[in-house]
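Asks: One file: run-v7.cif (mmCIF, C-alpha atoms).
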```cif
data_structure
#
loop_
_atom_site.label_atom_id
_atom_site.label_comp_id
_atom_site.auth_asym_id
_atom_site.auth_seq_id
_atom_site.Cartn_x
_atom_site.Cartn_y
_atom_site.Cartn_z
CA MET A 208 1.80 4.50 -24.04
CA SER A 209 0.55 4.84 -20.46
CA HIS A 210 1.48 8.55 -20.52
CA SER A 211 -0.02 9.24 -23.95
CA SER A 212 -3.24 11.04 -24.65
CA ALA A 213 -6.41 9.08 -25.31
CA VAL A 214 -6.28 10.03 -28.99
CA VAL A 215 -2.83 8.50 -29.34
CA THR A 216 -3.69 5.30 -27.49
CA GLU A 217 -6.94 4.90 -29.43
CA LEU A 218 -5.56 5.60 -32.90
CA LEU A 219 -2.02 4.19 -32.71
CA PRO A 220 -3.03 0.53 -33.20
CA LEU A 221 -5.13 1.43 -36.25
CA TRP A 222 -2.36 3.63 -37.65
CA LEU A 223 0.19 0.83 -37.17
CA LEU A 224 -2.08 -1.61 -38.99
CA VAL A 225 -2.71 0.72 -41.91
CA SER A 226 0.90 1.91 -42.19
CA THR A 227 2.28 -1.65 -42.48
CA GLY A 228 0.15 -2.35 -45.53
CA ARG A 229 -0.88 -5.68 -44.01
CA ARG A 230 -4.55 -6.54 -44.20
CA PRO A 231 -5.78 -9.02 -41.61
CA PRO A 232 -8.76 -11.19 -42.55
CA LEU A 233 -10.70 -9.85 -39.55
CA LEU A 234 -10.55 -6.66 -37.50
CA VAL A 235 -12.71 -6.32 -34.39
CA TYR A 236 -12.85 -2.71 -33.21
CA GLU A 237 -14.85 -1.88 -30.11
CA GLU A 238 -16.04 1.72 -29.81
CA PRO A 239 -13.73 3.27 -32.43
CA GLU A 240 -15.15 6.66 -31.51
CA ALA A 241 -13.93 6.49 -27.91
CA HIS A 242 -12.25 9.74 -26.87
CA LEU A 243 -12.27 11.11 -30.41
CA HIS A 244 -13.46 14.45 -31.75
CA PRO A 245 -16.33 14.00 -34.25
CA ARG A 246 -13.98 14.86 -37.15
CA LEU A 247 -11.61 12.05 -36.13
CA GLN A 248 -14.56 9.68 -35.72
CA ARG A 249 -15.39 10.36 -39.35
CA VAL A 250 -11.78 9.74 -40.43
CA VAL A 251 -11.69 6.44 -38.54
CA ALA A 252 -14.95 5.38 -40.22
CA VAL A 253 -13.42 6.10 -43.64
CA VAL A 254 -10.23 4.16 -42.77
CA LEU A 255 -12.27 1.17 -41.61
CA ALA A 256 -14.36 1.34 -44.80
CA ARG A 257 -11.14 1.35 -46.84
CA LEU A 258 -9.97 -1.76 -44.99
CA ALA A 259 -13.32 -3.43 -45.66
CA ARG A 260 -13.14 -2.59 -49.37
CA GLN A 261 -9.65 -4.13 -49.43
CA GLY A 262 -10.99 -7.42 -48.11
CA THR A 263 -10.74 -7.18 -44.32
CA LYS A 264 -13.92 -8.13 -42.51
CA VAL A 265 -14.47 -5.30 -40.03
CA LEU A 266 -16.67 -5.80 -36.98
CA VAL A 267 -17.44 -2.61 -35.08
CA THR A 268 -19.50 -1.79 -32.01
CA THR A 269 -20.44 1.85 -31.57
CA HIS A 270 -22.59 4.21 -29.57
CA SER A 271 -21.72 7.16 -31.80
CA GLU A 272 -24.31 8.63 -34.12
CA THR A 273 -21.46 10.59 -35.77
CA PHE A 274 -19.58 7.39 -36.61
CA ALA A 275 -22.78 5.68 -37.75
CA GLN A 276 -23.80 8.64 -39.93
CA GLN A 277 -20.38 8.62 -41.59
CA ILE A 278 -20.88 4.95 -42.46
CA ASN A 279 -24.27 5.90 -43.92
CA ASN A 280 -22.65 8.72 -45.91
CA LEU A 281 -20.20 6.19 -47.34
CA ILE A 282 -23.12 3.96 -48.33
CA LYS A 283 -24.78 6.94 -50.03
CA ARG A 284 -21.50 7.63 -51.86
CA GLY A 285 -21.62 4.02 -53.08
CA GLY A 286 -24.76 4.82 -55.04
CA LEU A 287 -22.91 7.48 -57.04
CA ASP A 288 -20.59 7.07 -59.99
CA ARG A 289 -16.93 8.02 -59.62
CA GLU A 290 -17.41 11.53 -61.05
CA ALA A 291 -20.31 12.28 -58.68
CA ARG A 292 -18.32 10.91 -55.71
CA ASP A 293 -15.50 13.31 -56.58
CA ALA A 294 -17.92 16.21 -56.95
CA THR A 295 -19.57 15.56 -53.58
CA ALA A 296 -16.43 15.18 -51.46
CA GLY A 297 -17.34 18.47 -49.78
CA GLY A 298 -13.90 19.22 -48.39
CA PHE A 299 -13.58 15.85 -46.69
CA PRO A 300 -10.40 13.97 -47.65
CA TYR A 301 -12.02 11.21 -49.67
CA VAL A 302 -10.43 9.24 -52.45
CA ALA A 303 -12.60 7.91 -55.25
CA ASP A 304 -12.87 4.45 -53.67
CA ASP A 305 -14.10 5.76 -50.31
CA TYR A 306 -17.56 4.30 -50.40
CA LEU A 307 -19.55 1.30 -49.30
CA THR A 308 -22.53 -0.46 -50.83
CA PRO A 309 -25.47 -2.00 -49.01
CA ASP A 310 -23.95 -5.40 -49.83
CA ASP A 311 -20.72 -4.40 -48.03
CA VAL A 312 -22.33 -3.85 -44.63
CA ALA A 313 -24.70 -5.30 -42.10
CA GLY A 314 -26.01 -3.60 -39.01
CA TYR A 315 -27.34 -5.08 -35.81
CA GLU A 316 -28.94 -3.48 -32.80
CA PHE A 317 -29.15 -4.85 -29.31
CA ARG A 318 -32.72 -5.02 -28.04
CA PHE A 319 -34.17 -6.01 -24.70
CA ARG A 320 -37.03 -8.33 -23.97
CA GLU A 321 -39.53 -7.68 -21.19
CA ASP A 322 -37.70 -10.23 -19.04
CA GLY A 323 -34.54 -8.10 -19.32
CA ARG A 324 -32.68 -10.49 -21.62
CA SER A 325 -31.05 -9.01 -24.68
CA TYR A 326 -31.00 -10.13 -28.29
CA THR A 327 -29.74 -8.71 -31.56
CA GLU A 328 -31.90 -7.64 -34.43
CA ARG A 329 -30.58 -7.18 -37.96
CA LEU A 330 -31.16 -3.67 -39.25
CA GLU A 331 -32.35 -2.80 -42.72
CA VAL A 332 -29.60 -1.58 -45.04
CA ARG A 333 -30.77 0.60 -47.93
CA PRO A 334 -28.96 2.64 -50.58
CA ASP A 335 -29.19 5.62 -48.22
CA GLY A 336 -27.67 3.74 -45.30
CA ILE A 337 -28.42 1.56 -42.31
CA VAL A 338 -31.79 2.27 -40.73
CA MET A 339 -31.05 2.83 -37.03
CA PRO A 340 -34.32 3.44 -35.17
CA MET A 341 -32.78 3.75 -31.69
CA PHE A 342 -30.23 6.37 -32.80
CA ASN A 343 -32.85 8.23 -34.84
CA LYS A 344 -35.32 8.25 -31.94
CA GLU A 345 -32.76 9.78 -29.58
CA LEU A 346 -31.55 12.32 -32.13
CA LEU A 347 -35.14 13.42 -32.78
CA ALA A 348 -35.82 13.69 -29.04
CA LEU A 349 -32.63 15.75 -28.56
CA THR A 350 -33.54 18.04 -31.47
CA ASP A 351 -37.11 18.45 -30.20
CA GLU A 352 -35.81 19.34 -26.74
CA ALA A 353 -33.38 21.92 -28.20
CA ILE A 354 -36.20 23.54 -30.21
CA ARG A 355 -38.50 23.71 -27.18
CA LEU A 356 -35.74 25.24 -25.05
CA ASP A 357 -34.89 27.79 -27.77
CA GLU A 358 -38.56 28.75 -28.01
CA ALA A 359 -38.83 29.09 -24.22
CA LEU A 360 -35.70 31.29 -24.10
CA ALA A 361 -36.98 33.44 -26.98
CA ALA A 362 -40.36 33.85 -25.23
CA LYS A 363 -38.61 34.82 -21.99
CA GLN A 364 -36.44 37.39 -23.77
CA ALA A 365 -39.41 38.82 -25.67
CA GLY A 366 -41.49 39.11 -22.52
CA GLY A 367 -38.86 40.21 -20.07
#
```
Is it possible to express this structure as C-alpha cells?
Replies:
Amino acid sequence: MSHSSAVVTELLPLWLLVSTGRRPPLLVYEEPEAHLHPRLQRVVAVVLARLARQGTKVLVTTHSETFAQQINNLIKRGGLDREARDATAGGFPYVADDYLTPDDVAGYEFRFREDGRSYTERLEVRPDGIVMPMFNKELLALTDEAIRLDEALAAKQAGG
C-alpha cells in the first residue's frame, strides 16, 4: 500500500467494505474526497448514500463542494418517484435506489466565535438539499471573481 497511488489508498478500504457485503452499524469517513477527481468524489458520495440507505450510519467530514453538491443531488432525487429518478440519471451510473431524503441526512458546519473557540451549528435540510452558507458564499465569490477577470480580459483584448 505504501507504494500505491493516492486513489488506491483512499478508495481501497471503501471498496473492501462494499465488496464483502458486510454493513457495519457505523462508518466514519474523514475527507472522502481527498486526492480524488471530482467524478470519483461523486461516485464515493453515491456509494456512501447506498450504505446509509442500507442501514449504516455514515458520518462524513468534507471540504469539497463537489462531494456536498452530489449529496444534495441525491436529496433532490429523493423527491422524485422511481420513474423520474430513472429519467434524470443524466449519464451518471445511478440505480433506482440512489437517493436520500431530508430525513436521511443531517448537516453541521463548524463556526468560530469572536474568542476563537469553535462550535457546530446544525444546517437546514430541505427537499433540495442541505443549505451550506459557507460553501455557497465561497462559490459565489469565486464565480464573481472569474466573471470580473473575464470582463477585464475582454476589455483588454477589445482595447489593445
Asks: For A:Thr269, list every protein, DNA or RNA residue within 10 Å, evaluated using all atoms listed in the file, and leave out those in the same chain fewer than 4 positions away; present the list as a list in words.
Replies: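 Residues meeting the cut-off are Tyr236, Glu237, Glu238, Pro239, Glu240, Ala241, Thr273, Phe274 and Ala275 of chain A.
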Asks: If the PyMOL selection byres ((chain A and resi 327) around 9) were run on this exact file, what residues would it hold? Put them as a list in words.
Replies: Tyr315, Glu316, Phe317, Arg318, Phe319, Ser325, Tyr326, Glu328 and Arg329 of chain A
Asks: Using the chain letters and residue numbers of this document, give as a PyMOL selection string the residues selected by the PyMOL selection byres ((chain A and resi 296-306) around 8).
Replies: chain A and resi 253+256-257+281-285+289+292-295+307-308
Asks: Any idea what the distance is between atom CA of A:Val265 and atom CA of A:Leu287?
Replies: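 Between atom CA of A:Val265 and atom CA of A:Leu287 the gap is 22.9 Å.
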Asks: Rounded to one decimal in Å, what is the spacing between atom CA of A:Thr263 and atom CA of A:Asn343?
Replies: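 Atom-to-atom, atom CA of A:Thr263 and atom CA of A:Asn343 are spaced 28.6 Å apart.
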Asks: Could you check which of A:Glu352, A:Val338, A:Leu218, A:Ser226 is closest to A:His244, using all atoms listed in the file?
Replies: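 Closest to A:His244 of all the choices is A:Leu218.
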Asks: Choose the residue, out of A:Gln276, A:Gly286, A:Leu330, A:Ala313, that has the smallest atom-to-atom separation from A:Leu346; count only C-alpha atoms.
Replies: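 Going through A:Gln276, A:Gly286, A:Leu330, A:Ala313 one by one, the smallest distance to A:Leu346 is for A:Gln276.
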Asks: Given all atoms listed in the file as the basis, pick out the residue of A:Gln364, A:Asp288, A:Gln261, A:Met339 nearest to A:Pro231.
Replies: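 When distances to A:Pro231 are compared using all atoms listed in the file, the smallest one comes from A:Gln261.
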Asks: Provide the atom CA of A:His270 to atom CA of A:Val254 distance in Å, to one decimal place.
Replies: 18.1 Å
Asks: Please identify all polymer residues within 9 Å of A:Pro309, counting all atoms listed in the file, omitting same-chain residues fewer than 5 positions from it, and present them as number ranges by chain.
Replies: A: 282, 285, 332-337
Asks: Using all atoms listed in the file, which residue out of A:Lys344, A:Ile278, A:Lys264, A:Gly314 lies closest to A:Gln248?
Replies: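 So, comparing all the options, the nearest one is A:Ile278.
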Asks: Out of A:Ala362, A:Ala353, A:Ala291, A:Val312, which residue has the shortest atom-to-atom distance to A:Ala259 when counting only C-alpha atoms?
Replies: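 Of all the options, A:Val312 lies closest to A:Ala259.
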Asks: Calculated over all atoms listed in the file, which of the candidates A:Gly366, A:Gly323, A:Gly262, A:Pro340 has the smallest distance to A:Arg229?
Replies: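 Of A:Gly366, A:Gly323, A:Gly262, A:Pro340, the one nearest A:Arg229 is A:Gly262, counting all atoms listed in the file.
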Asks: Given the point (-13.2, -10.1, -37.0) in the file's coordinates, find the residues that have an atom at most 8 Å from it, counting all atoms listed in the file, and give them as JSON, numbers by chain.
Replies: {"A": [232, 233, 234, 235, 264, 265, 266]}
Asks: Keeping C-alpha atoms, write stretch 229-314 of chain A of the structure just shown out as a PDB file, in the first residue's frame.
Replies:
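Now in selection.pdb:
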```pdb
ATOM      1  CA  ARG A 229     -20.960  -6.546   5.253  1.00  0.00           C
ATOM      2  CA  ARG A 230     -22.663  -3.453   6.567  1.00  0.00           C
ATOM      3  CA  PRO A 231     -21.205  -2.008   9.755  1.00  0.00           C
ATOM      4  CA  PRO A 232     -23.565  -0.097  12.047  1.00  0.00           C
ATOM      5  CA  LEU A 233     -21.335   2.993  11.774  1.00  0.00           C
ATOM      6  CA  LEU A 234     -18.846   4.260   9.203  1.00  0.00           C
ATOM      7  CA  VAL A 235     -16.778   7.362   9.950  1.00  0.00           C
ATOM      8  CA  TYR A 236     -15.124   8.697   6.806  1.00  0.00           C
ATOM      9  CA  GLU A 237     -12.915  11.749   7.060  1.00  0.00           C
ATOM     10  CA  GLU A 238     -12.466  13.754   3.861  1.00  0.00           C
ATOM     11  CA  PRO A 239     -13.705  11.110   1.394  1.00  0.00           C
ATOM     12  CA  GLU A 240     -12.807  13.486  -1.421  1.00  0.00           C
ATOM     13  CA  ALA A 241      -9.101  13.539  -0.562  1.00  0.00           C
ATOM     14  CA  HIS A 242      -6.956  13.075  -3.665  1.00  0.00           C
ATOM     15  CA  LEU A 243      -9.938  12.221  -5.845  1.00  0.00           C
ATOM     16  CA  HIS A 244     -11.021  13.611  -9.197  1.00  0.00           C
ATOM     17  CA  PRO A 245     -14.460  15.294  -8.955  1.00  0.00           C
ATOM     18  CA  ARG A 246     -16.061  12.370 -10.834  1.00  0.00           C
ATOM     19  CA  LEU A 247     -14.732   9.906  -8.242  1.00  0.00           C
ATOM     20  CA  GLN A 248     -15.882  12.209  -5.434  1.00  0.00           C
ATOM     21  CA  ARG A 249     -19.384  11.904  -6.860  1.00  0.00           C
ATOM     22  CA  VAL A 250     -19.112   8.102  -7.055  1.00  0.00           C
ATOM     23  CA  VAL A 251     -17.934   7.907  -3.440  1.00  0.00           C
ATOM     24  CA  ALA A 252     -20.879  10.087  -2.358  1.00  0.00           C
ATOM     25  CA  VAL A 253     -23.284   7.704  -4.107  1.00  0.00           C
ATOM     26  CA  VAL A 254     -21.631   4.642  -2.510  1.00  0.00           C
ATOM     27  CA  LEU A 255     -21.873   6.223   0.940  1.00  0.00           C
ATOM     28  CA  ALA A 256     -25.531   7.095   0.307  1.00  0.00           C
ATOM     29  CA  ARG A 257     -26.166   3.472  -0.672  1.00  0.00           C
ATOM     30  CA  LEU A 258     -24.584   2.318   2.584  1.00  0.00           C
ATOM     31  CA  ALA A 259     -26.748   4.782   4.512  1.00  0.00           C
ATOM     32  CA  ARG A 260     -29.913   3.567   2.771  1.00  0.00           C
ATOM     33  CA  GLN A 261     -28.915   0.003   3.721  1.00  0.00           C
ATOM     34  CA  GLY A 262     -28.803   0.930   7.399  1.00  0.00           C
ATOM     35  CA  THR A 263     -25.220   2.031   8.056  1.00  0.00           C
ATOM     36  CA  LYS A 264     -24.934   5.333   9.880  1.00  0.00           C
ATOM     37  CA  VAL A 265     -22.393   7.307   7.850  1.00  0.00           C
ATOM     38  CA  LEU A 266     -20.533  10.228   9.404  1.00  0.00           C
ATOM     39  CA  VAL A 267     -18.534  12.287   6.918  1.00  0.00           C
ATOM     40  CA  THR A 268     -16.377  15.383   7.190  1.00  0.00           C
ATOM     41  CA  THR A 269     -15.700  17.214   3.946  1.00  0.00           C
ATOM     42  CA  HIS A 270     -14.280  20.387   2.483  1.00  0.00           C
ATOM     43  CA  SER A 271     -15.463  19.508  -1.017  1.00  0.00           C
ATOM     44  CA  GLU A 272     -18.286  21.423  -2.608  1.00  0.00           C
ATOM     45  CA  THR A 273     -18.371  18.709  -5.315  1.00  0.00           C
ATOM     46  CA  PHE A 274     -18.987  15.984  -2.730  1.00  0.00           C
ATOM     47  CA  ALA A 275     -21.528  18.149  -0.894  1.00  0.00           C
ATOM     48  CA  GLN A 276     -23.378  19.014  -4.114  1.00  0.00           C
ATOM     49  CA  GLN A 277     -23.601  15.324  -5.004  1.00  0.00           C
ATOM     50  CA  ILE A 278     -25.229  14.663  -1.630  1.00  0.00           C
ATOM     51  CA  ASN A 279     -27.661  17.489  -2.404  1.00  0.00           C
ATOM     52  CA  ASN A 280     -28.370  15.975  -5.829  1.00  0.00           C
ATOM     53  CA  LEU A 281     -29.189  12.680  -4.116  1.00  0.00           C
ATOM     54  CA  ILE A 282     -31.583  14.511  -1.788  1.00  0.00           C
ATOM     55  CA  LYS A 283     -33.234  16.139  -4.819  1.00  0.00           C
ATOM     56  CA  ARG A 284     -33.538  12.678  -6.409  1.00  0.00           C
ATOM     57  CA  GLY A 285     -35.321  11.564  -3.235  1.00  0.00           C
ATOM     58  CA  GLY A 286     -38.149  13.959  -4.020  1.00  0.00           C
ATOM     59  CA  LEU A 287     -38.808  12.200  -7.331  1.00  0.00           C
ATOM     60  CA  ASP A 288     -40.691   8.985  -7.999  1.00  0.00           C
ATOM     61  CA  ARG A 289     -38.812   5.981  -9.357  1.00  0.00           C
ATOM     62  CA  GLU A 290     -39.673   6.734 -12.993  1.00  0.00           C
ATOM     63  CA  ALA A 291     -38.482  10.347 -12.707  1.00  0.00           C
ATOM     64  CA  ARG A 292     -35.272   9.218 -10.964  1.00  0.00           C
ATOM     65  CA  ASP A 293     -34.576   6.882 -13.883  1.00  0.00           C
ATOM     66  CA  ALA A 294     -35.323   9.628 -16.402  1.00  0.00           C
ATOM     67  CA  THR A 295     -32.986  12.122 -14.712  1.00  0.00           C
ATOM     68  CA  ALA A 296     -29.944   9.876 -14.291  1.00  0.00           C
ATOM     69  CA  GLY A 297     -28.186  12.015 -16.901  1.00  0.00           C
ATOM     70  CA  GLY A 298     -25.489   9.504 -17.783  1.00  0.00           C
ATOM     71  CA  PHE A 299     -24.413   9.025 -14.178  1.00  0.00           C
ATOM     72  CA  PRO A 300     -24.420   5.363 -13.080  1.00  0.00           C
ATOM     73  CA  TYR A 301     -27.352   5.543 -10.692  1.00  0.00           C
ATOM     74  CA  VAL A 302     -29.621   2.723  -9.716  1.00  0.00           C
ATOM     75  CA  ALA A 303     -33.218   3.467  -8.807  1.00  0.00           C
ATOM     76  CA  ASP A 304     -32.493   3.458  -5.064  1.00  0.00           C
ATOM     77  CA  ASP A 305     -29.668   6.003  -5.321  1.00  0.00           C
ATOM     78  CA  TYR A 306     -31.310   8.812  -3.439  1.00  0.00           C
ATOM     79  CA  LEU A 307     -31.586  10.325   0.002  1.00  0.00           C
ATOM     80  CA  THR A 308     -34.401  12.140   1.744  1.00  0.00           C
ATOM     81  CA  PRO A 309     -34.129  15.098   4.102  1.00  0.00           C
ATOM     82  CA  ASP A 310     -34.896  12.663   6.929  1.00  0.00           C
ATOM     83  CA  ASP A 311     -31.870  10.535   5.946  1.00  0.00           C
ATOM     84  CA  VAL A 312     -29.286  13.272   6.483  1.00  0.00           C
ATOM     85  CA  ALA A 313     -28.137  15.967   8.842  1.00  0.00           C
ATOM     86  CA  GLY A 314     -25.519  18.585   8.160  1.00  0.00           C
TER      87      GLY A 314
END
```
